[in-house]
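Chemist: I am attaching a structure below and will ask some questions about it afterwards.
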Amino acid sequence: MPHPTRILTAAAVLAATVAVTGQPAAATSAHTPATLVQKVTGPDSPNDTWGRWNVKATDLGIMWDNGSGQVLTAFGDTFGDAWVGPGGGGLGPGDANWRSNVLLRSTDTNLADGMSFASAVTGADGRAREVVPGLHQGNDAGGEVTKIPTAGIAVGSRQYMSFMSVRHWGVPGQWDTNYARIAYSDDNGVTWVTSGTPTWNNPSGTNRFQQQAFVRNGGYVYVYGTPSGRTGSLYLARVPEAQVLTQSAYRYWDGAAWVTAESAAVAIVAGPVSELSVRFDAFSGKWLMMYLRGEDIVLRAATSPTGAWGTPQIAVSSADYPGLYGGFFHPWSANGQLYFLMSQWNPYNVYLMKVSINTAGQIVKPNLVGDPSFERGALNGSGTGGFWACTGNCGIDNARWGYSGDRNAFARYNSGWHDVHQTVPVAANTTYQLTGFLRTSPNSDNGFFGVRTTANAVISEANFRAVGPWTRFTVTFNSGARTSVVVYAGVWTDHGDIWVQLDDFSLSAV
């Protein structure tokens with residue numbers, strides 16, 4: 001961190017003071033039931049946010065329905081051309097274009113193949129600009145480093161966004177805030193008013209509403225809050241939706257009633273709770289929350305906004321996605337398919353994920369593939385028990401080449417067939433979908449992605465040739481009488497030095 005009396009270049013200040021909210025903790029061994037659908041920001045994203053709006057690296061992804069056919073998405077600290085990673089502080093020479101927050105808009109209703117962005121709030125240069133400007137003072141200056149959005153909601157045509165003013169980034173998972181405040185916009189997010197709006201000051205570092213999540217229900221906006229950092233518990237307030245800008249109208253849940261005193265608010269979920277998203281889910285009739293709990297993203301359900309909240313269910317494990325954080329619901333999730341945005345510290349970008357639930361709010365139809373992102377480095381000779389195996393020459397790269405995280409699998413040689421495969425237990429007579437991401441050398445001319453029997457008979461597969469950027473492949477099949485299948489991807493390498501890279505596999509029931 002910079003010394004207060006030291007004069008630093010702009011790039012050095014950025015590198016020293018940028019948020020560390022996503023730095024990885026030690027991984028757990030939990031399984032990840034969620035499926036990675038798409039990288040939505042940065043290099044390798046079909047959205048080309050870097051080329052279109054100079055959003056090369058960013059985090060979070062707070063989403064809400066604007067009430068007129070769009071989903072608005074507010075991202076946190078954002079960087080341009082000079083970002084090289086890992087993390088938010090990984091900056092090289094050139095224009096970092098550090099913005100505390102940016103806002104992108106989406107009209108995409110088909111989330112099964114990803115989330116596309118149609119527009120952004122931009123400056124005169126066409127690049128995404130800060131919508132609520134941060135002061136960008138040094139991390140040890142005692143002022144404000146950045147303004148990070150934490151929640152958004154629309155009431156009528158007015159947009160509301162909560163943000164936290166960060167004073168200091170500490171060790172991973174700890175930071176200090178000056179205050180949380182609600183901003184509002186009457187022009188679909190182009191301009192925001194922050195003067196005279198509800199504010200939760202934090203002089204002692206103990207205020208309970210520094211990070212917020214909004215839910216609009218029954219004429220109220222429910223405001224879920226946690227203290228700054230990642231270790232605090234969860235508290236609840238609500239306000240009539242017509243009085244969001246009147247701070248005296250907020251009432252706080254004291255465990256039995258809604259009261260005027262914020263100090264009377266009681267914890268409705270014990271910590272650690274951080275980077276929270278909450279929704280009322282019409283499919284299940286449950287209130288659902290998703291948040292970072294320690295090292296993993298979890299999902300919980302309740303029958304009322306105050307709880308009691310059910311047992312945490314791990315949705316994404318940090319063993320598979322190191323440095324993960326967030327877990328923000330897409331407001332157009334429906335019919336038991338929960339889509340959400342997840343950030344990773346490395347590569348400091350955002351991914352659309354999906355998990356299925358039943359009417360009890362329990363996770364069902366999980367991803368059955370072990371080590372789906374190859375981050376565990378799980379290779380053995382048989383490809384069973386959640387491990388991958390090789391046919392011919394293959395392995396796991398550990399050079400920050402992955403579609404997500406650092407690692408990915410590869411197969412490479414100059415003659416014969418080479419693949420990566422895993423035997424996965426399945427239920428008989430069930431329809432499944434296999435998805436995965438791959439890219440190849442330019443001279444690749446005959447590769448296959450698919451499912452075969454344990455006796456090596458093909459059940460269903462997709463043929464590929466030269467694949468440039470990371471591309472998602474999908475195969476659907478019925479298991480028939482089988483109780484296990486082999487998922488694989490590989491290439492014939494009889495026409496020169498040919499390679500394929502693989503990442504983020506999923507096999508789940510349809």
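Labels for the structure tokens follow display order: chains A, B, ..., residues from 1 in each chain, ligands from 1.
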Identify, on the basis of only C-alpha atoms, every residue whose closest approach to Asp371 of chain A does not exceed 10 Å; exclude the query and any residue fewer than 2 positions from it along the same chain; express the result as a VMD selection string.

Modeler: chain A and resid 31 to 32 319 to 321 368 to 369 373 to 379 386 to 388 422 503 to 506

Chemist: List as a ChimeraX atom specification the protein and nucleic acid residues near Ala237 of chain A, meaning an atom at most 12 Å away when only C-alpha atoms are counted, but skip any in the same chain fewer than 4 places from it.

Modeler: /A:208-209,212-215,220-226,244,247-255,257-268,305-306

Chemist: Considering only C-alpha atoms, can you say which of A:Thr471, A:Thr453, A:Thr109, A:Asn202 comes closest to Gly69 of chain A?

Modeler: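 Among the listed residues, A:Thr109 lies closest to Gly69 of chain A.
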
Chemist: List the spatial neighbours of Pro425 of chain A as a VMD selection string - criterion: any atom at most 8 Å away, only C-alpha atoms, same-chain residues fewer than 5 positions off excluded.

Modeler: chain A and resid 368 483 to 485

Chemist: For N, CA, C and O atoms, I'd like the residues from the last selection saved as a PDB file, in the first residue's frame.

Modeler:
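That gives us out16.pdb:
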```pdb
ATOM      1  N   LEU A 368     -23.065 -32.915 -12.574  1.00  0.00           N
ATOM      2  CA  LEU A 368     -22.544 -34.180 -12.073  1.00  0.00           C
ATOM      3  C   LEU A 368     -21.051 -34.354 -12.323  1.00  0.00           C
ATOM      4  O   LEU A 368     -20.446 -35.302 -11.807  1.00  0.00           O
ATOM      5  N   THR A 483     -26.133 -46.462 -16.245  1.00  0.00           N
ATOM      6  CA  THR A 483     -26.006 -45.751 -14.972  1.00  0.00           C
ATOM      7  C   THR A 483     -24.678 -45.009 -14.872  1.00  0.00           C
ATOM      8  O   THR A 483     -24.360 -44.444 -13.831  1.00  0.00           O
ATOM      9  N   SER A 484     -23.903 -45.024 -15.945  1.00  0.00           N
ATOM     10  CA  SER A 484     -22.709 -44.193 -16.035  1.00  0.00           C
ATOM     11  C   SER A 484     -22.383 -43.970 -17.495  1.00  0.00           C
ATOM     12  O   SER A 484     -22.670 -44.819 -18.353  1.00  0.00           O
ATOM     13  N   VAL A 485     -21.801 -42.797 -17.784  1.00  0.00           N
ATOM     14  CA  VAL A 485     -21.374 -42.465 -19.137  1.00  0.00           C
ATOM     15  C   VAL A 485     -20.005 -41.810 -19.041  1.00  0.00           C
ATOM     16  O   VAL A 485     -19.565 -41.392 -17.959  1.00  0.00           O
TER      17      VAL A 485
END
```

Chemist: Using only C-alpha atoms, which protein or nucleic acid residues come within 10 Å of Trp50 of chain A? Drop anything in the same chain fewer than 4 positions from it, and give the result as a ChimeraX atom specification.

Modeler: /A:41-45,54-57,79-81,127-128

Chemist: Write out as a ChimeraX atom specification all residues of segment 62-259 of chain A that backbone DSSP assigns to strand (DSSP E or B).

Modeler: /A:62-65,71-75,78-79,83,91,99,102-106,119-120,122,128,146-155,158-169,175-185,193,199-201,211-217,220-226,234-240,251-253,258-259

Chemist: Write out as number ranges by chain each polymer residue whose atoms come within 7 Å of segment 161-178 of chain A, counting only C-alpha atoms; drop sequence neighbours fewer than 6 positions from it.

Modeler: A: 19-21, 23, 139-140, 142-153, 184, 201-203, 205, 210-212, 228-230

Chemist: Next, write the just-selected residues to a file, as a CSV table (one decimal), in the first residue's frame, keeping N, CA, C and O atoms as the atom set.

Modeler:
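Wrote it out as out-v4.csv, contents follow:
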```csv
chain,number,residue,atom,x,y,z
A,19,ALA,N,-9.7,-2.4,-5.1
A,19,ALA,CA,-10.4,-3.3,-4.2
A,19,ALA,C,-9.8,-4.7,-4.2
A,19,ALA,O,-9.4,-5.2,-5.2
A,20,VAL,N,-9.7,-5.2,-3.0
A,20,VAL,CA,-9.2,-6.6,-2.8
A,20,VAL,C,-10.4,-7.5,-2.4
A,20,VAL,O,-10.2,-8.6,-1.9
A,21,THR,N,-11.6,-7.1,-2.7
A,21,THR,CA,-12.8,-7.8,-2.2
A,21,THR,C,-12.8,-9.2,-2.8
A,21,THR,O,-13.5,-10.1,-2.2
A,23,GLN,N,-10.1,-11.3,-3.5
A,23,GLN,CA,-8.9,-12.1,-3.4
A,23,GLN,C,-9.3,-13.5,-2.8
A,23,GLN,O,-10.1,-13.6,-1.9
A,139,ASN,N,-5.5,4.7,-0.8
A,139,ASN,CA,-6.0,3.7,0.2
A,139,ASN,C,-5.7,4.1,1.6
A,139,ASN,O,-6.5,3.8,2.5
A,140,ASP,N,-4.7,4.9,1.8
A,140,ASP,CA,-4.3,5.3,3.2
A,140,ASP,C,-4.5,6.8,3.4
A,140,ASP,O,-4.0,7.4,4.3
A,142,GLY,N,-7.4,8.3,4.0
A,142,GLY,CA,-8.4,8.6,5.0
A,142,GLY,C,-9.7,9.2,4.4
A,142,GLY,O,-10.5,9.7,5.1
A,143,GLY,N,-9.8,9.2,3.0
A,143,GLY,CA,-10.9,9.8,2.4
A,143,GLY,C,-11.8,8.7,1.7
A,143,GLY,O,-12.4,7.9,2.4
A,144,GLU,N,-11.8,8.7,0.4
A,144,GLU,CA,-12.6,7.7,-0.3
A,144,GLU,C,-11.8,7.1,-1.4
A,144,GLU,O,-11.3,7.8,-2.3
A,145,VAL,N,-11.7,5.8,-1.4
A,145,VAL,CA,-11.0,5.1,-2.5
A,145,VAL,C,-12.0,5.0,-3.7
A,145,VAL,O,-11.6,5.2,-4.9
A,146,THR,N,-13.2,4.5,-3.5
A,146,THR,CA,-14.1,4.2,-4.6
A,146,THR,C,-15.5,4.1,-4.1
A,146,THR,O,-15.8,4.1,-2.8
A,147,LYS,N,-16.5,4.1,-5.0
A,147,LYS,CA,-17.9,3.9,-4.7
A,147,LYS,C,-18.4,2.6,-5.4
A,147,LYS,O,-18.3,2.6,-6.6
A,148,ILE,N,-18.8,1.7,-4.6
A,148,ILE,CA,-19.2,0.4,-5.2
A,148,ILE,C,-20.7,0.1,-5.1
A,148,ILE,O,-21.2,0.2,-4.0
A,149,PRO,N,-21.4,-0.2,-6.2
A,149,PRO,CA,-22.8,-0.5,-6.1
A,149,PRO,C,-23.1,-1.8,-5.4
A,149,PRO,O,-22.3,-2.7,-5.5
A,150,THR,N,-24.1,-1.9,-4.6
A,150,THR,CA,-24.5,-3.1,-3.9
A,150,THR,C,-25.9,-3.6,-4.2
A,150,THR,O,-26.2,-4.7,-3.9
A,151,ALA,N,-26.8,-2.7,-4.7
A,151,ALA,CA,-28.2,-3.1,-4.9
A,151,ALA,C,-28.9,-2.2,-5.8
A,151,ALA,O,-28.5,-1.0,-6.0
A,152,GLY,N,-29.9,-2.6,-6.5
A,152,GLY,CA,-30.7,-1.8,-7.4
A,152,GLY,C,-32.1,-2.3,-7.5
A,152,GLY,O,-32.4,-3.5,-7.3
A,153,ILE,N,-33.1,-1.3,-7.7
A,153,ILE,CA,-34.5,-1.7,-7.9
A,153,ILE,C,-35.1,-0.5,-8.6
A,153,ILE,O,-34.7,0.6,-8.6
A,184,TYR,N,-30.6,7.9,-7.1
A,184,TYR,CA,-31.8,7.6,-8.0
A,184,TYR,C,-31.6,8.3,-9.3
A,184,TYR,O,-30.9,9.3,-9.5
A,201,ASN,N,-24.6,6.4,7.7
A,201,ASN,CA,-23.2,6.7,8.0
A,201,ASN,C,-22.5,5.7,8.9
A,201,ASN,O,-23.2,4.9,9.6
A,202,ASN,N,-21.2,5.6,8.8
A,202,ASN,CA,-20.5,4.5,9.4
A,202,ASN,C,-19.2,5.0,10.2
A,202,ASN,O,-18.1,4.5,10.0
A,203,PRO,N,-19.4,6.0,11.1
A,203,PRO,CA,-18.2,6.5,11.8
A,203,PRO,C,-17.5,5.5,12.7
A,203,PRO,O,-16.2,5.6,12.8
A,205,GLY,N,-17.6,2.2,12.2
A,205,GLY,CA,-17.4,0.9,11.5
A,205,GLY,C,-18.3,-0.2,11.8
A,205,GLY,O,-18.1,-1.4,11.4
A,210,GLN,N,-24.3,-1.3,5.4
A,210,GLN,CA,-23.3,-0.7,4.5
A,210,GLN,C,-23.4,-1.4,3.1
A,210,GLN,O,-23.0,-0.8,2.1
A,211,GLN,N,-23.8,-2.7,3.1
A,211,GLN,CA,-24.0,-3.4,1.8
A,211,GLN,C,-25.4,-3.8,1.8
A,211,GLN,O,-25.9,-4.4,2.8
A,212,GLN,N,-26.1,-3.6,0.7
A,212,GLN,CA,-27.6,-3.8,0.8
A,212,GLN,C,-28.0,-4.6,-0.4
A,212,GLN,O,-27.3,-4.8,-1.4
A,228,SER,N,-19.8,-3.5,6.6
A,228,SER,CA,-18.7,-3.5,5.7
A,228,SER,C,-17.9,-4.8,5.9
A,228,SER,O,-17.8,-5.3,7.1
A,229,GLY,N,-17.2,-5.3,4.9
A,229,GLY,CA,-16.4,-6.5,5.0
A,229,GLY,C,-17.3,-7.7,4.8
A,229,GLY,O,-18.5,-7.6,4.4
A,230,ARG,N,-16.7,-8.9,5.0
A,230,ARG,CA,-17.3,-10.1,4.7
A,230,ARG,C,-17.7,-11.0,5.9
A,230,ARG,O,-18.1,-12.2,5.8
```
